[in-house]
Amino acid sequence: MLKWRAKKAGISNQGQVLSLANFSSKNSVPAMINQGLGAVTLIGADLQGSGPVAIVNQAGFYGRDIRTSGYERALDNEVKGRGVEASPRVSRWRSLPRTRSSLCFPPVRAG
């Protein structure tokens, strides 16, 4: 577990491909900001904090089994057509229109 005092976001992704499983965050800023041509996959998260939103998305994002507490909204999406997710629990969410159904296999650890 990493601990630091984030000033802008717990994770700020600027155009990279990022996959996280079982991510947890305690912040007074958004847990994640995804921008540029980035693509984030977030499977299983516990995001605790304060402020308006836990995740700010401006790029490709797929999330499943995300729990938030303390934030006003779970997710603000600025990609055309999807809007915000106000619920504190996100079962499954994607920023882009559906092309195929997503698989709901549990994460598997290598090794």
# chains A, B, ... in the order shown; residues from 1 in each chain; ligands from 1
call {"tool": "residues_around", "arguments": {"residues": "Gly83 in chain A", "least_positions_apart": "3", "cutoff": "12 Å", "atoms": "only C-alpha atoms", "output": "ChimeraX atom specification"}}
result
/A:56-58,73-80,86,93-96
call {"tool": "atom_distance", "arguments": {"atom1": "CA of Leu20 in chain A", "atom2": "CA of Leu47 in chain A"}}
result
12.9 Å
call {"tool": "residues_around", "arguments": {"residues": "Glu72 in chain A", "least_positions_apart": "4", "cutoff": "9 Å", "atoms": "only C-alpha atoms", "output": "mmCIF file with C-alpha atoms, in the first residue's frame"}}
result
data_model
loop_
_atom_site.group_PDB
_atom_site.id
_atom_site.type_symbol
_atom_site.label_atom_id
_atom_site.label_comp_id
_atom_site.auth_asym_id
_atom_site.auth_seq_id
_atom_site.Cartn_x
_atom_site.Cartn_y
_atom_site.Cartn_z
ATOM 1 C CA SER A 50 -14.583 14.088 0.258
ATOM 2 C CA GLY A 51 -15.477 16.518 -2.453
ATOM 3 C CA PRO A 52 -17.667 16.451 -5.499
ATOM 4 C CA VAL A 53 -16.443 13.346 -7.341
ATOM 5 C CA ALA A 54 -14.327 10.196 -6.902
ATOM 6 C CA ALA A 86 -24.302 9.601 -8.977
ATOM 7 C CA SER A 87 -24.686 6.246 -7.211
ATOM 8 C CA PRO A 88 -22.017 5.431 -4.590
#
call {"tool": "atom_distance", "arguments": {"atom1": "CA of Ala45 in chain A", "atom2": "CA of Gly70 in chain A"}}
result
14.2 Å
call {"tool": "atom_distance", "arguments": {"atom1": "CA of Thr41 in chain A", "atom2": "CA of Glu85 in chain A"}}
result
16.3 Å
call {"tool": "closest_residue", "arguments": {"among": "A:Leu42, A:Ile55, A:Leu37, A:Val90", "to": "Leu18 in chain A", "atoms": "only C-alpha atoms"}}
result
A:Leu42
call {"tool": "closest_residue", "arguments": {"among": "A:Asn13, A:Asn22, A:Ser69, A:Asn27", "to": "Val40 in chain A", "atoms": "only C-alpha atoms"}}
result
A:Asn13
call {"tool": "closest_residue", "arguments": {"among": "A:Arg67, A:Gly60, A:Gly15, A:Arg92", "to": "Gly36 in chain A", "atoms": "only C-alpha atoms"}}
result
A:Gly15
